[in-house]
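Report on the following structure.
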Amino acid sequence: MKWLDHLEEWLIATLMGLATLIIFVSVVHRYAVGFNSPLQDWLLTIDLAWAQEATIYLFVWMAKFGAAYGVRTGIHVGVDVLINQLAPHNRKKFVLFGLLAGALFTGIIATMGAGFVWHNGANYAFHHALGLDMTDLIEGPTTPDLEWPTWIIYCAIPLGSSLMCFRFLQVAWNFLRTGELPHHDHGHVDGLDDEDPANASA
């Protein structure tokens, strides 16, 4: 599932980059309009009232998919002091129970979230796009500043939770086969490979 791993990482990085860029542009614009300059009139015509709302939504999406990434890489904080003191066969049972409980919980959230999104306007949008009967369907609310359908924003719940559920099951299956859990080295910096011994001795 390397393609899914790369897609997950690419999506998180893109969302984070977009949020950072929007915040940076918004702050620079806010300060720039306060200075008397030839560009001031033009800057005042630029409406960035939507920037804060967009940034919030980007961080929500990033958090949902980042949680799934956390399950896959083992960076979530867990209180496992007592579990690690148990005998190996008992520890394995408790770890599997925790992972499957996480999968069950996120699966329920994904299912309920999908139902919420569907009845919050997604059904109207799909029926409209396919030219189907839209009797008794509501268009659904829109966001205050961007005026986007809220069901698009709320899609982060079923999508992110479904991926997180899959990651719990993936980790549980790997743990059942190998007895190993993903472990994140907090001293490791992604993108920096270990130095080649030949180069190190040079």
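If you're wondering about the labels, chains in the structure tokens are A, B, ... by order shown, residues count from 1 in each chain, ligands from 1 in order shown.
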| task | Write down as a PyMOL selection string the residues of range 38-108 of chain A whose backbone DSSP state falls under alpha helix (DSSP H). | result | chain A and resi 40-44+51-73+81-84+88-108
Would you put the residues from that selection into a file with C-alpha atoms, as an mmCIF file, in the first residue's frame?
```cif
data_model
loop_
_atom_site.group_PDB
_atom_site.id
_atom_site.type_symbol
_atom_site.label_atom_id
_atom_site.label_comp_id
_atom_site.auth_asym_id
_atom_site.auth_seq_id
_atom_site.Cartn_x
_atom_site.Cartn_y
_atom_site.Cartn_z
ATOM 1 C CA GLN A 40 -2.525 50.912 -1.125
ATOM 2 C CA ASP A 41 -5.672 51.537 -3.203
ATOM 3 C CA TRP A 42 -5.127 48.326 -5.149
ATOM 4 C CA LEU A 43 -4.464 46.333 -1.974
ATOM 5 C CA LEU A 44 -7.700 47.616 -0.457
ATOM 6 C CA ALA A 51 -8.641 33.505 4.600
ATOM 7 C CA GLN A 52 -9.285 32.661 8.242
ATOM 8 C CA GLU A 53 -12.201 30.377 7.410
ATOM 9 C CA ALA A 54 -10.243 28.588 4.693
ATOM 10 C CA THR A 55 -7.299 28.079 7.032
ATOM 11 C CA ILE A 56 -9.530 26.539 9.698
ATOM 12 C CA TYR A 57 -10.993 24.084 7.209
ATOM 13 C CA LEU A 58 -7.545 23.168 5.887
ATOM 14 C CA PHE A 59 -6.310 22.447 9.407
ATOM 15 C CA VAL A 60 -9.415 20.350 10.156
ATOM 16 C CA TRP A 61 -8.754 18.206 7.073
ATOM 17 C CA MET A 62 -5.065 18.025 7.933
ATOM 18 C CA ALA A 63 -5.868 16.898 11.482
ATOM 19 C CA LYS A 64 -8.229 14.139 10.317
ATOM 20 C CA PHE A 65 -5.742 12.663 7.855
ATOM 21 C CA GLY A 66 -2.850 13.379 10.215
ATOM 22 C CA ALA A 67 -4.547 11.187 12.824
ATOM 23 C CA ALA A 68 -4.527 8.284 10.364
ATOM 24 C CA TYR A 69 -0.856 8.977 9.644
ATOM 25 C CA GLY A 70 -0.239 8.892 13.393
ATOM 26 C CA VAL A 71 -1.753 5.422 13.690
ATOM 27 C CA ARG A 72 0.356 4.135 10.810
ATOM 28 C CA THR A 73 3.633 5.540 12.131
ATOM 29 C CA VAL A 81 3.021 1.257 31.181
ATOM 30 C CA LEU A 82 0.818 -1.417 32.764
ATOM 31 C CA ILE A 83 0.297 -3.294 29.499
ATOM 32 C CA ASN A 84 4.040 -3.536 28.917
ATOM 33 C CA PRO A 88 3.773 -11.486 26.377
ATOM 34 C CA HIS A 89 0.608 -13.465 25.579
ATOM 35 C CA ASN A 90 -1.549 -11.220 27.797
ATOM 36 C CA ARG A 91 0.076 -8.075 26.425
ATOM 37 C CA LYS A 92 -0.717 -9.217 22.890
ATOM 38 C CA LYS A 93 -4.401 -9.624 23.768
ATOM 39 C CA PHE A 94 -4.654 -6.157 25.288
ATOM 40 C CA VAL A 95 -2.824 -4.512 22.393
ATOM 41 C CA LEU A 96 -5.058 -6.241 19.855
ATOM 42 C CA PHE A 97 -8.137 -5.266 21.847
ATOM 43 C CA GLY A 98 -7.021 -1.624 21.841
ATOM 44 C CA LEU A 99 -6.320 -1.600 18.116
ATOM 45 C CA LEU A 100 -9.625 -3.288 17.244
ATOM 46 C CA ALA A 101 -11.492 -0.945 19.590
ATOM 47 C CA GLY A 102 -9.897 1.980 17.756
ATOM 48 C CA ALA A 103 -10.954 0.487 14.431
ATOM 49 C CA LEU A 104 -14.510 -0.012 15.697
ATOM 50 C CA PHE A 105 -14.767 3.531 17.040
ATOM 51 C CA THR A 106 -13.386 5.188 13.910
ATOM 52 C CA GLY A 107 -15.536 2.924 11.741
ATOM 53 C CA ILE A 108 -18.648 4.068 13.610
#
```
| task | Measure the distance from CA of Ala125 in chain A to CA of Ile157 in chain A in Å and round it to one decimal. | result | 18.1 Å
| field | Distance criterion (only C-alpha atoms): nearest to Met134 in chain A out of A:Ala122, A:Val28, A:Met112, A:Ile75 | value |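 Counting only C-alpha atoms, the residue closest to Met134 in chain A is A:Ala122.
For Pro149 in chain A, the residues within 10 Å (counting only C-alpha atoms, excluding itself and residues fewer than 3 positions away along the chain) are A:Asn120, A:Gly121, A:Ala122, A:Ala125, A:Glu139, A:Gly140, A:Pro141, A:Thr142, A:Thr143, A:Pro144, A:Leu146, A:Ile152, A:Ile153, A:Tyr154.
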Please write the residues from the selection above to a file, keeping N, CA and C atoms, as a PDB file, in the first residue's frame.
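File produced: again_1.pdb:
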```
ATOM      1  N   ASN A 120     -26.809  16.325   4.637  1.00  0.00           N
ATOM      2  CA  ASN A 120     -26.522  17.743   4.814  1.00  0.00           C
ATOM      3  C   ASN A 120     -26.391  18.475   3.479  1.00  0.00           C
ATOM      4  N   GLY A 121     -26.695  17.797   2.394  1.00  0.00           N
ATOM      5  CA  GLY A 121     -26.655  18.442   1.086  1.00  0.00           C
ATOM      6  C   GLY A 121     -25.974  17.641   0.006  1.00  0.00           C
ATOM      7  N   ALA A 122     -25.230  16.597   0.374  1.00  0.00           N
ATOM      8  CA  ALA A 122     -24.547  15.783  -0.628  1.00  0.00           C
ATOM      9  C   ALA A 122     -25.563  15.063  -1.508  1.00  0.00           C
ATOM     10  N   ALA A 125     -26.764  17.476  -4.073  1.00  0.00           N
ATOM     11  CA  ALA A 125     -25.745  17.765  -5.079  1.00  0.00           C
ATOM     12  C   ALA A 125     -25.614  16.620  -6.080  1.00  0.00           C
ATOM     13  N   GLU A 139     -30.970  21.700  -0.344  1.00  0.00           N
ATOM     14  CA  GLU A 139     -29.653  22.020  -0.905  1.00  0.00           C
ATOM     15  C   GLU A 139     -28.578  22.000   0.159  1.00  0.00           C
ATOM     16  N   GLY A 140     -28.942  22.311   1.366  1.00  0.00           N
ATOM     17  CA  GLY A 140     -27.978  22.305   2.464  1.00  0.00           C
ATOM     18  C   GLY A 140     -27.334  23.668   2.663  1.00  0.00           C
ATOM     19  N   PRO A 141     -26.804  23.914   3.864  1.00  0.00           N
ATOM     20  CA  PRO A 141     -26.196  25.214   4.170  1.00  0.00           C
ATOM     21  C   PRO A 141     -24.856  25.411   3.476  1.00  0.00           C
ATOM     22  N   THR A 142     -24.413  26.658   3.487  1.00  0.00           N
ATOM     23  CA  THR A 142     -23.101  27.009   2.940  1.00  0.00           C
ATOM     24  C   THR A 142     -22.272  27.689   4.022  1.00  0.00           C
ATOM     25  N   THR A 143     -20.967  27.724   3.811  1.00  0.00           N
ATOM     26  CA  THR A 143     -20.074  28.356   4.786  1.00  0.00           C
ATOM     27  C   THR A 143     -20.227  29.877   4.717  1.00  0.00           C
ATOM     28  N   PRO A 144     -19.973  30.578   5.824  1.00  0.00           N
ATOM     29  CA  PRO A 144     -20.228  32.036   5.885  1.00  0.00           C
ATOM     30  C   PRO A 144     -19.436  32.871   4.881  1.00  0.00           C
ATOM     31  N   LEU A 146     -16.652  31.696   2.498  1.00  0.00           N
ATOM     32  CA  LEU A 146     -16.367  31.073   1.205  1.00  0.00           C
ATOM     33  C   LEU A 146     -17.635  30.724   0.436  1.00  0.00           C
ATOM     34  N   ILE A 152     -19.224  19.533   1.743  1.00  0.00           N
ATOM     35  CA  ILE A 152     -17.874  19.319   1.211  1.00  0.00           C
ATOM     36  C   ILE A 152     -16.848  19.402   2.343  1.00  0.00           C
ATOM     37  N   ILE A 153     -17.019  20.379   3.223  1.00  0.00           N
ATOM     38  CA  ILE A 153     -16.105  20.531   4.352  1.00  0.00           C
ATOM     39  C   ILE A 153     -16.217  19.337   5.289  1.00  0.00           C
ATOM     40  N   TYR A 154     -17.455  18.913   5.556  1.00  0.00           N
ATOM     41  CA  TYR A 154     -17.684  17.817   6.497  1.00  0.00           C
ATOM     42  C   TYR A 154     -17.252  16.460   5.955  1.00  0.00           C
TER      43      TYR A 154
END
```
| From A:Leu176, A:Leu132, A:Ala49, A:Ile138, residue lying nearest His29 in chain A [only C-alpha atoms] | A:Ala49
| query | By how many Å are CA of Val117 in chain A and CA of Leu21 in chain A apart? | reply |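 One can read the CA of Val117 in chain A to CA of Leu21 in chain A distance as 28.3 Å.
As for CA of Thr45 in chain A and CA of Asp145 in chain A, they are spaced 16.4 Å apart.
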| Could you pull the residues within 9 Å of Leu159 in chain A, counting only C-alpha atoms, minus those fewer than 2 positions along the same chain, as a ChimeraX atom specification? | /A:64-65,110,113-114,155-157,161-164
Write a file of the selected residues as a compact mmCIF listing (two decimals), in the first residue's frame, keeping N, CA and C atoms.
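Heads up, here's the output in out32.txt:
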```txt
# COMPACT_ATOMS: atom_id res chain seq x y z
N LYS A 64 -7.56 15.43 10.51
CA LYS A 64 -8.23 14.14 10.32
C LYS A 64 -7.31 13.13 9.62
N PHE A 65 -6.64 13.57 8.57
CA PHE A 65 -5.74 12.66 7.85
C PHE A 65 -4.43 12.48 8.61
N ALA A 110 -16.97 7.10 11.01
CA ALA A 110 -16.98 7.22 9.54
C ALA A 110 -18.38 6.97 8.99
N GLY A 113 -20.63 9.81 10.10
CA GLY A 113 -20.23 11.02 9.36
C GLY A 113 -20.70 10.99 7.93
N ALA A 114 -20.65 9.81 7.29
CA ALA A 114 -21.11 9.68 5.91
C ALA A 114 -22.61 9.97 5.82
N CYS A 155 -16.93 16.39 4.68
CA CYS A 155 -16.42 15.13 4.11
C CYS A 155 -15.13 14.68 4.79
N ALA A 156 -14.46 15.60 5.47
CA ALA A 156 -13.25 15.24 6.21
C ALA A 156 -13.54 14.18 7.27
N ILE A 157 -14.76 14.19 7.81
CA ILE A 157 -15.10 13.24 8.88
C ILE A 157 -15.16 11.80 8.36
N SER A 161 -11.85 9.46 8.96
CA SER A 161 -12.13 8.38 9.91
C SER A 161 -12.04 7.02 9.24
N SER A 162 -12.46 6.92 7.98
CA SER A 162 -12.35 5.65 7.26
C SER A 162 -10.88 5.25 7.09
N LEU A 163 -10.05 6.24 6.74
CA LEU A 163 -8.61 5.95 6.60
C LEU A 163 -8.01 5.55 7.94
N MET A 164 -8.45 6.22 9.00
CA MET A 164 -7.93 5.90 10.33
C MET A 164 -8.36 4.49 10.74
```
